[in-house]
>>> print(open('model30.cif').read())   # mmCIF, N, CA and C atoms
data_my_file
#
loop_
_atom_site.label_atom_id
_atom_site.label_comp_id
_atom_site.auth_asym_id
_atom_site.auth_seq_id
_atom_site.Cartn_x
_atom_site.Cartn_y
_atom_site.Cartn_z
N MET A 1 225.74 226.92 -142.59
CA MET A 1 226.03 225.81 -141.69
C MET A 1 226.62 226.32 -140.39
N GLY A 2 227.36 227.42 -140.45
CA GLY A 2 227.97 227.96 -139.25
C GLY A 2 226.95 228.48 -138.26
N ASP A 3 225.83 229.02 -138.75
CA ASP A 3 224.80 229.51 -137.85
C ASP A 3 224.18 228.37 -137.04
N VAL A 4 224.02 227.24 -137.68
CA VAL A 4 223.46 226.08 -136.98
C VAL A 4 224.41 225.60 -135.90
N LEU A 5 225.68 225.52 -136.21
CA LEU A 5 226.66 225.06 -135.24
C LEU A 5 226.87 226.06 -134.11
N ASP A 6 226.70 227.34 -134.41
CA ASP A 6 226.85 228.36 -133.38
C ASP A 6 225.71 228.33 -132.36
N SER A 7 224.57 227.84 -132.76
CA SER A 7 223.41 227.82 -131.86
C SER A 7 223.15 226.41 -131.31
N TYR A 8 224.20 225.66 -131.08
CA TYR A 8 224.03 224.30 -130.59
C TYR A 8 223.39 224.25 -129.20
N ARG A 9 223.58 225.28 -128.39
CA ARG A 9 222.96 225.29 -127.05
C ARG A 9 221.45 225.33 -127.17
N LEU A 10 220.95 226.14 -128.09
CA LEU A 10 219.50 226.19 -128.31
C LEU A 10 218.99 224.86 -128.84
N LEU A 11 219.76 224.23 -129.71
CA LEU A 11 219.36 222.93 -130.24
C LEU A 11 219.34 221.88 -129.13
N LEU A 12 220.32 221.91 -128.25
CA LEU A 12 220.35 220.96 -127.14
C LEU A 12 219.19 221.20 -126.18
N GLN A 13 218.81 222.45 -125.95
CA GLN A 13 217.65 222.74 -125.11
C GLN A 13 216.38 222.19 -125.76
N GLY A 14 216.28 222.33 -127.07
CA GLY A 14 215.13 221.78 -127.79
C GLY A 14 215.08 220.27 -127.73
N VAL A 15 216.24 219.64 -127.84
CA VAL A 15 216.30 218.17 -127.73
C VAL A 15 215.88 217.73 -126.34
N TRP A 16 216.36 218.43 -125.31
CA TRP A 16 216.01 218.08 -123.93
C TRP A 16 214.51 218.25 -123.69
N LEU A 17 213.92 219.30 -124.22
CA LEU A 17 212.48 219.52 -124.07
C LEU A 17 211.69 218.44 -124.79
N THR A 18 212.16 218.04 -125.97
CA THR A 18 211.50 216.97 -126.71
C THR A 18 211.56 215.65 -125.95
N VAL A 19 212.71 215.35 -125.34
CA VAL A 19 212.84 214.13 -124.54
C VAL A 19 211.89 214.17 -123.35
N GLN A 20 211.81 215.32 -122.67
CA GLN A 20 210.90 215.45 -121.53
C GLN A 20 209.45 215.24 -121.97
N LEU A 21 209.05 215.89 -123.04
CA LEU A 21 207.68 215.73 -123.53
C LEU A 21 207.38 214.28 -123.90
N THR A 22 208.34 213.62 -124.51
CA THR A 22 208.14 212.23 -124.92
C THR A 22 207.98 211.32 -123.72
N VAL A 23 208.86 211.45 -122.75
CA VAL A 23 208.82 210.57 -121.57
C VAL A 23 207.58 210.83 -120.73
N TYR A 24 207.32 212.09 -120.42
CA TYR A 24 206.16 212.41 -119.58
C TYR A 24 204.85 212.11 -120.30
N GLY A 25 204.78 212.46 -121.58
CA GLY A 25 203.56 212.17 -122.36
C GLY A 25 203.32 210.68 -122.50
N GLY A 26 204.40 209.92 -122.70
CA GLY A 26 204.25 208.46 -122.79
C GLY A 26 203.80 207.84 -121.49
N ALA A 27 204.33 208.34 -120.37
CA ALA A 27 203.91 207.82 -119.06
C ALA A 27 202.45 208.15 -118.80
N LEU A 28 202.03 209.36 -119.12
CA LEU A 28 200.63 209.74 -118.92
C LEU A 28 199.72 208.94 -119.85
N ALA A 29 200.15 208.72 -121.07
CA ALA A 29 199.37 207.91 -122.01
C ALA A 29 199.23 206.48 -121.52
N LEU A 30 200.27 205.94 -120.92
CA LEU A 30 200.20 204.59 -120.38
C LEU A 30 199.18 204.50 -119.25
N VAL A 31 199.20 205.48 -118.37
CA VAL A 31 198.23 205.50 -117.26
C VAL A 31 196.81 205.62 -117.80
N PHE A 32 196.60 206.56 -118.73
CA PHE A 32 195.26 206.73 -119.31
C PHE A 32 194.82 205.46 -120.04
N ALA A 33 195.73 204.84 -120.77
CA ALA A 33 195.38 203.63 -121.51
C ALA A 33 194.95 202.51 -120.58
N LEU A 34 195.67 202.36 -119.48
CA LEU A 34 195.29 201.32 -118.52
C LEU A 34 193.93 201.60 -117.88
N VAL A 35 193.74 202.84 -117.44
CA VAL A 35 192.48 203.19 -116.77
C VAL A 35 191.30 203.06 -117.72
N PHE A 36 191.41 203.63 -118.91
CA PHE A 36 190.29 203.60 -119.83
C PHE A 36 190.14 202.24 -120.52
N GLY A 37 191.21 201.48 -120.60
CA GLY A 37 191.10 200.11 -121.10
C GLY A 37 190.32 199.23 -120.14
N ILE A 38 190.60 199.38 -118.87
CA ILE A 38 189.85 198.62 -117.85
C ILE A 38 188.41 199.11 -117.79
N ALA A 39 188.22 200.43 -117.92
CA ALA A 39 186.86 200.99 -117.89
C ALA A 39 186.03 200.49 -119.07
N GLY A 40 186.66 200.21 -120.19
CA GLY A 40 185.94 199.71 -121.36
C GLY A 40 185.42 198.30 -121.18
N THR A 41 185.95 197.58 -120.22
CA THR A 41 185.48 196.21 -119.96
C THR A 41 184.56 196.14 -118.75
N SER A 42 184.15 197.29 -118.25
CA SER A 42 183.31 197.33 -117.05
C SER A 42 181.93 196.73 -117.33
N ARG A 43 181.33 196.21 -116.28
CA ARG A 43 179.96 195.68 -116.38
C ARG A 43 178.93 196.80 -116.35
N HIS A 44 179.33 197.96 -115.83
CA HIS A 44 178.40 199.08 -115.71
C HIS A 44 178.33 199.84 -117.03
N ARG A 45 177.12 200.01 -117.50
CA ARG A 45 176.93 200.65 -118.80
C ARG A 45 177.39 202.11 -118.78
N ALA A 46 177.14 202.82 -117.68
CA ALA A 46 177.51 204.24 -117.59
C ALA A 46 179.02 204.42 -117.70
N VAL A 47 179.77 203.53 -117.10
CA VAL A 47 181.24 203.61 -117.17
C VAL A 47 181.70 203.39 -118.61
N ARG A 48 181.11 202.42 -119.28
CA ARG A 48 181.48 202.15 -120.67
C ARG A 48 181.11 203.32 -121.59
N VAL A 49 179.98 203.97 -121.33
CA VAL A 49 179.55 205.11 -122.13
C VAL A 49 180.52 206.27 -121.93
N LEU A 50 180.90 206.58 -120.68
CA LEU A 50 181.87 207.64 -120.42
C LEU A 50 183.21 207.33 -121.07
N ASN A 51 183.58 206.07 -121.07
CA ASN A 51 184.81 205.64 -121.71
C ASN A 51 184.75 205.92 -123.22
N ARG A 52 183.66 205.60 -123.85
CA ARG A 52 183.52 205.83 -125.29
C ARG A 52 183.55 207.32 -125.62
N VAL A 53 182.91 208.13 -124.76
CA VAL A 53 182.91 209.58 -124.98
C VAL A 53 184.35 210.11 -124.94
N TYR A 54 185.10 209.67 -123.93
CA TYR A 54 186.51 210.09 -123.83
C TYR A 54 187.29 209.66 -125.07
N VAL A 55 187.15 208.42 -125.45
CA VAL A 55 187.92 207.90 -126.58
C VAL A 55 187.57 208.65 -127.86
N GLU A 56 186.31 208.86 -128.11
CA GLU A 56 185.91 209.52 -129.36
C GLU A 56 186.25 211.00 -129.35
N LEU A 57 186.17 211.65 -128.19
CA LEU A 57 186.39 213.10 -128.13
C LEU A 57 187.87 213.45 -128.13
N PHE A 58 188.64 212.88 -127.22
CA PHE A 58 190.03 213.29 -127.06
C PHE A 58 190.99 212.51 -127.95
N ARG A 59 190.80 211.23 -128.07
CA ARG A 59 191.76 210.46 -128.86
C ARG A 59 191.56 210.66 -130.34
N GLY A 60 190.39 211.12 -130.74
CA GLY A 60 190.14 211.38 -132.15
C GLY A 60 190.66 212.73 -132.62
N ALA A 61 190.99 213.60 -131.68
CA ALA A 61 191.46 214.95 -132.03
C ALA A 61 192.97 214.93 -132.25
N PRO A 62 193.44 215.68 -133.23
CA PRO A 62 194.90 215.75 -133.44
C PRO A 62 195.61 216.39 -132.25
N ALA A 63 196.82 215.95 -131.99
CA ALA A 63 197.58 216.44 -130.83
C ALA A 63 197.84 217.95 -130.91
N LEU A 64 198.08 218.45 -132.10
CA LEU A 64 198.34 219.89 -132.24
C LEU A 64 197.11 220.71 -131.86
N VAL A 65 195.94 220.24 -132.24
CA VAL A 65 194.70 220.93 -131.88
C VAL A 65 194.53 220.91 -130.36
N LEU A 66 194.81 219.78 -129.73
CA LEU A 66 194.71 219.71 -128.27
C LEU A 66 195.71 220.62 -127.59
N MET A 67 196.92 220.72 -128.14
CA MET A 67 197.92 221.61 -127.56
C MET A 67 197.45 223.07 -127.60
N PHE A 68 196.93 223.50 -128.74
CA PHE A 68 196.40 224.86 -128.84
C PHE A 68 195.22 225.05 -127.89
N TRP A 69 194.37 224.03 -127.79
CA TRP A 69 193.20 224.13 -126.94
C TRP A 69 193.59 224.25 -125.47
N PHE A 70 194.53 223.41 -125.02
CA PHE A 70 194.95 223.45 -123.61
C PHE A 70 195.71 224.73 -123.28
N TYR A 71 196.51 225.23 -124.23
CA TYR A 71 197.38 226.37 -123.92
C TYR A 71 196.72 227.72 -124.19
N TYR A 72 195.87 227.80 -125.22
CA TYR A 72 195.30 229.09 -125.58
C TYR A 72 193.81 229.23 -125.24
N SER A 73 193.04 228.18 -125.36
CA SER A 73 191.59 228.29 -125.15
C SER A 73 191.19 228.19 -123.69
N LEU A 74 191.77 227.25 -122.96
CA LEU A 74 191.38 227.09 -121.56
C LEU A 74 191.69 228.30 -120.69
N PRO A 75 192.77 229.07 -120.94
CA PRO A 75 192.96 230.30 -120.15
C PRO A 75 191.82 231.30 -120.31
N GLN A 76 191.10 231.24 -121.42
CA GLN A 76 189.93 232.10 -121.59
C GLN A 76 188.85 231.74 -120.58
N LEU A 77 188.85 230.48 -120.11
CA LEU A 77 187.89 230.02 -119.11
C LEU A 77 188.44 230.09 -117.70
N GLY A 78 189.66 230.58 -117.55
CA GLY A 78 190.26 230.71 -116.23
C GLY A 78 191.12 229.53 -115.82
N ILE A 79 191.37 228.59 -116.72
CA ILE A 79 192.20 227.42 -116.42
C ILE A 79 193.53 227.61 -117.15
N ARG A 80 194.60 227.78 -116.40
CA ARG A 80 195.91 228.04 -117.01
C ARG A 80 196.87 226.87 -116.74
N PHE A 81 197.62 226.51 -117.76
CA PHE A 81 198.64 225.48 -117.66
C PHE A 81 199.98 226.06 -118.08
N GLU A 82 201.06 225.54 -117.50
CA GLU A 82 202.40 225.84 -118.00
C GLU A 82 202.54 225.20 -119.38
N ALA A 83 203.46 225.72 -120.18
CA ALA A 83 203.62 225.23 -121.55
C ALA A 83 203.98 223.74 -121.57
N LEU A 84 204.91 223.31 -120.72
CA LEU A 84 205.32 221.91 -120.70
C LEU A 84 204.16 221.02 -120.27
N PHE A 85 203.41 221.43 -119.25
CA PHE A 85 202.29 220.61 -118.78
C PHE A 85 201.20 220.51 -119.83
N ALA A 86 200.92 221.61 -120.55
CA ALA A 86 199.91 221.58 -121.60
C ALA A 86 200.34 220.62 -122.71
N GLY A 87 201.61 220.61 -123.06
CA GLY A 87 202.11 219.70 -124.07
C GLY A 87 202.03 218.24 -123.63
N VAL A 88 202.40 217.99 -122.37
CA VAL A 88 202.33 216.63 -121.84
C VAL A 88 200.89 216.15 -121.80
N LEU A 89 199.99 217.01 -121.37
CA LEU A 89 198.58 216.65 -121.29
C LEU A 89 198.01 216.36 -122.68
N ALA A 90 198.38 217.15 -123.66
CA ALA A 90 197.91 216.92 -125.02
C ALA A 90 198.48 215.64 -125.60
N LEU A 91 199.74 215.35 -125.34
CA LEU A 91 200.34 214.12 -125.86
C LEU A 91 199.84 212.89 -125.12
N GLY A 92 199.55 213.05 -123.85
CA GLY A 92 199.07 211.92 -123.05
C GLY A 92 197.66 211.55 -123.41
#
>>> encode(input="model30.cif", output="structure tokens")
Amino acid sequence: MGDVLDSYRLLLQGVWLTVQLTVYGGALALVFALVFGIAGTSRHRAVRVLNRVYVELFRGAPALVLMFWFYYSLPQLGIRFEALFAGVLALG
């Protein structure tokens, strides 16, 4: 129990990072939900089809898989994200 109490600074940093990921990811999810929700009611068939592709591809994938994909796979293609941004993007 003493080891846990001795490392409270690390625990507080982890809590702060979790709060940041939650707030930023929730805000991004809200924006995406509004945009793609409106796109789903579009009169244009192409917009609705692109909306369905997004929903089935990204929202159907587990968040952990997306986090690994954004942080480890995309740098292989030359697209690099900071760790916090990759987490926010995956949660959003």
>>> atom_distance(input="model30.cif", atom1="atom N of Thr18 in chain A", atom2="atom C of Gly87 in chain A")
10.4 Å
>>> atom_distance(input="model30.cif", atom1="CA of Val15 in chain A", atom2="CA of Leu89 in chain A")
18.9 Å
>>> select_by_dssp(input="model30.cif", residues="range 34-89 of chain A", states="helix (DSSP H, G or I)", output="number ranges by chain")
A: 34-39, 45-59, 63-77, 83-89
>>> write_last_selection(input="model30.cif", atoms="N, CA and C atoms", output="short mmCIF file (atom, residue, chain, number, x, y, z; two decimals), keeping the file's coordinate frame")
data_model
loop_
_atom_site.label_atom_id
_atom_site.label_comp_id
_atom_site.auth_asym_id
_atom_site.auth_seq_id
_atom_site.Cartn_x
_atom_site.Cartn_y
_atom_site.Cartn_z
N LEU A 34 195.67 202.36 -119.48
CA LEU A 34 195.29 201.32 -118.52
C LEU A 34 193.93 201.60 -117.88
N VAL A 35 193.74 202.84 -117.44
CA VAL A 35 192.48 203.19 -116.77
C VAL A 35 191.30 203.06 -117.72
N PHE A 36 191.41 203.63 -118.91
CA PHE A 36 190.29 203.60 -119.83
C PHE A 36 190.14 202.24 -120.52
N GLY A 37 191.21 201.48 -120.60
CA GLY A 37 191.10 200.11 -121.10
C GLY A 37 190.32 199.23 -120.14
N ILE A 38 190.60 199.38 -118.87
CA ILE A 38 189.85 198.62 -117.85
C ILE A 38 188.41 199.11 -117.79
N ALA A 39 188.22 200.43 -117.92
CA ALA A 39 186.86 200.99 -117.89
C ALA A 39 186.03 200.49 -119.07
N ARG A 45 177.12 200.01 -117.50
CA ARG A 45 176.93 200.65 -118.80
C ARG A 45 177.39 202.11 -118.78
N ALA A 46 177.14 202.82 -117.68
CA ALA A 46 177.51 204.24 -117.59
C ALA A 46 179.02 204.42 -117.70
N VAL A 47 179.77 203.53 -117.10
CA VAL A 47 181.24 203.61 -117.17
C VAL A 47 181.70 203.39 -118.61
N ARG A 48 181.11 202.42 -119.28
CA ARG A 48 181.48 202.15 -120.67
C ARG A 48 181.11 203.32 -121.59
N VAL A 49 179.98 203.97 -121.33
CA VAL A 49 179.55 205.11 -122.13
C VAL A 49 180.52 206.27 -121.93
N LEU A 50 180.90 206.58 -120.68
CA LEU A 50 181.87 207.64 -120.42
C LEU A 50 183.21 207.33 -121.07
N ASN A 51 183.58 206.07 -121.07
CA ASN A 51 184.81 205.64 -121.71
C ASN A 51 184.75 205.92 -123.22
N ARG A 52 183.66 205.60 -123.85
CA ARG A 52 183.52 205.83 -125.29
C ARG A 52 183.55 207.32 -125.62
N VAL A 53 182.91 208.13 -124.76
CA VAL A 53 182.91 209.58 -124.98
C VAL A 53 184.35 210.11 -124.94
N TYR A 54 185.10 209.67 -123.93
CA TYR A 54 186.51 210.09 -123.83
C TYR A 54 187.29 209.66 -125.07
N VAL A 55 187.15 208.42 -125.45
CA VAL A 55 187.92 207.90 -126.58
C VAL A 55 187.57 208.65 -127.86
N GLU A 56 186.31 208.86 -128.11
CA GLU A 56 185.91 209.52 -129.36
C GLU A 56 186.25 211.00 -129.35
N LEU A 57 186.17 211.65 -128.19
CA LEU A 57 186.39 213.10 -128.13
C LEU A 57 187.87 213.45 -128.13
N PHE A 58 188.64 212.88 -127.22
CA PHE A 58 190.03 213.29 -127.06
C PHE A 58 190.99 212.51 -127.95
N ARG A 59 190.80 211.23 -128.07
CA ARG A 59 191.76 210.46 -128.86
C ARG A 59 191.56 210.66 -130.34
N ALA A 63 196.82 215.95 -131.99
CA ALA A 63 197.58 216.44 -130.83
C ALA A 63 197.84 217.95 -130.91
N LEU A 64 198.08 218.45 -132.10
CA LEU A 64 198.34 219.89 -132.24
C LEU A 64 197.11 220.71 -131.86
N VAL A 65 195.94 220.24 -132.24
CA VAL A 65 194.70 220.93 -131.88
C VAL A 65 194.53 220.91 -130.36
N LEU A 66 194.81 219.78 -129.73
CA LEU A 66 194.71 219.71 -128.27
C LEU A 66 195.71 220.62 -127.59
N MET A 67 196.92 220.72 -128.14
CA MET A 67 197.92 221.61 -127.56
C MET A 67 197.45 223.07 -127.60
N PHE A 68 196.93 223.50 -128.74
CA PHE A 68 196.40 224.86 -128.84
C PHE A 68 195.22 225.05 -127.89
N TRP A 69 194.37 224.03 -127.79
CA TRP A 69 193.20 224.13 -126.94
C TRP A 69 193.59 224.25 -125.47
N PHE A 70 194.53 223.41 -125.02
CA PHE A 70 194.95 223.45 -123.61
C PHE A 70 195.71 224.73 -123.28
N TYR A 71 196.51 225.23 -124.23
CA TYR A 71 197.38 226.37 -123.92
C TYR A 71 196.72 227.72 -124.19
N TYR A 72 195.87 227.80 -125.22
CA TYR A 72 195.30 229.09 -125.58
C TYR A 72 193.81 229.23 -125.24
N SER A 73 193.04 228.18 -125.36
CA SER A 73 191.59 228.29 -125.15
C SER A 73 191.19 228.19 -123.69
N LEU A 74 191.77 227.25 -122.96
CA LEU A 74 191.38 227.09 -121.56
C LEU A 74 191.69 228.30 -120.69
N PRO A 75 192.77 229.07 -120.94
CA PRO A 75 192.96 230.30 -120.15
C PRO A 75 191.82 231.30 -120.31
N GLN A 76 191.10 231.24 -121.42
CA GLN A 76 189.93 232.10 -121.59
C GLN A 76 188.85 231.74 -120.58
N LEU A 77 188.85 230.48 -120.11
CA LEU A 77 187.89 230.02 -119.11
C LEU A 77 188.44 230.09 -117.70
N ALA A 83 203.46 225.72 -120.18
CA ALA A 83 203.62 225.23 -121.55
C ALA A 83 203.98 223.74 -121.57
N LEU A 84 204.91 223.31 -120.72
CA LEU A 84 205.32 221.91 -120.70
C LEU A 84 204.16 221.02 -120.27
N PHE A 85 203.41 221.43 -119.25
CA PHE A 85 202.29 220.61 -118.78
C PHE A 85 201.20 220.51 -119.83
N ALA A 86 200.92 221.61 -120.55
CA ALA A 86 199.91 221.58 -121.60
C ALA A 86 200.34 220.62 -122.71
N GLY A 87 201.61 220.61 -123.06
CA GLY A 87 202.11 219.70 -124.07
C GLY A 87 202.03 218.24 -123.63
N VAL A 88 202.40 217.99 -122.37
CA VAL A 88 202.33 216.63 -121.84
C VAL A 88 200.89 216.15 -121.80
N LEU A 89 199.99 217.01 -121.37
CA LEU A 89 198.58 216.65 -121.29
C LEU A 89 198.01 216.36 -122.68
#
>>> axis_aligned_box(input="model30.cif", around="range 23-30 of chain A", padding_each_side="4 Å", output="lines of an AutoDock Vina configuration file")
center_x = 204.0
center_y = 208.5
center_z = -120.8
size_x = 17.7
size_y = 16.0
size_z = 12.0
>>> atom_distance(input="model30.cif", atom1="atom C of Ala29 in chain A", atom2="atom C of Gly92 in chain A")
5.6 Å
>>> closest_residue(input="model30.cif", among="A:Leu21, A:Leu10, A:Leu5, A:Ile79", to="Leu91 in chain A", atoms="all atoms listed in the file")
A:Leu21
>>> closest_residue(input="model30.cif", among="A:Leu11, A:Ala90, A:Leu30, A:Val35", to="Ala63 in chain A", atoms="all atoms listed in the file")
A:Ala90
>>> residues_around(input="model30.cif", residues="Phe85 in chain A", least_positions_apart="3", cutoff="12 Å", atoms="only C-alpha atoms", output="list in words")
Leu17, Gln20, Leu21, Thr22, Tyr24, Gly25, Leu28, Met67, Phe70, Tyr71, Arg80, Phe81, Glu82, Val88, Leu89, Ala90, Leu91 and Gly92 of chain A
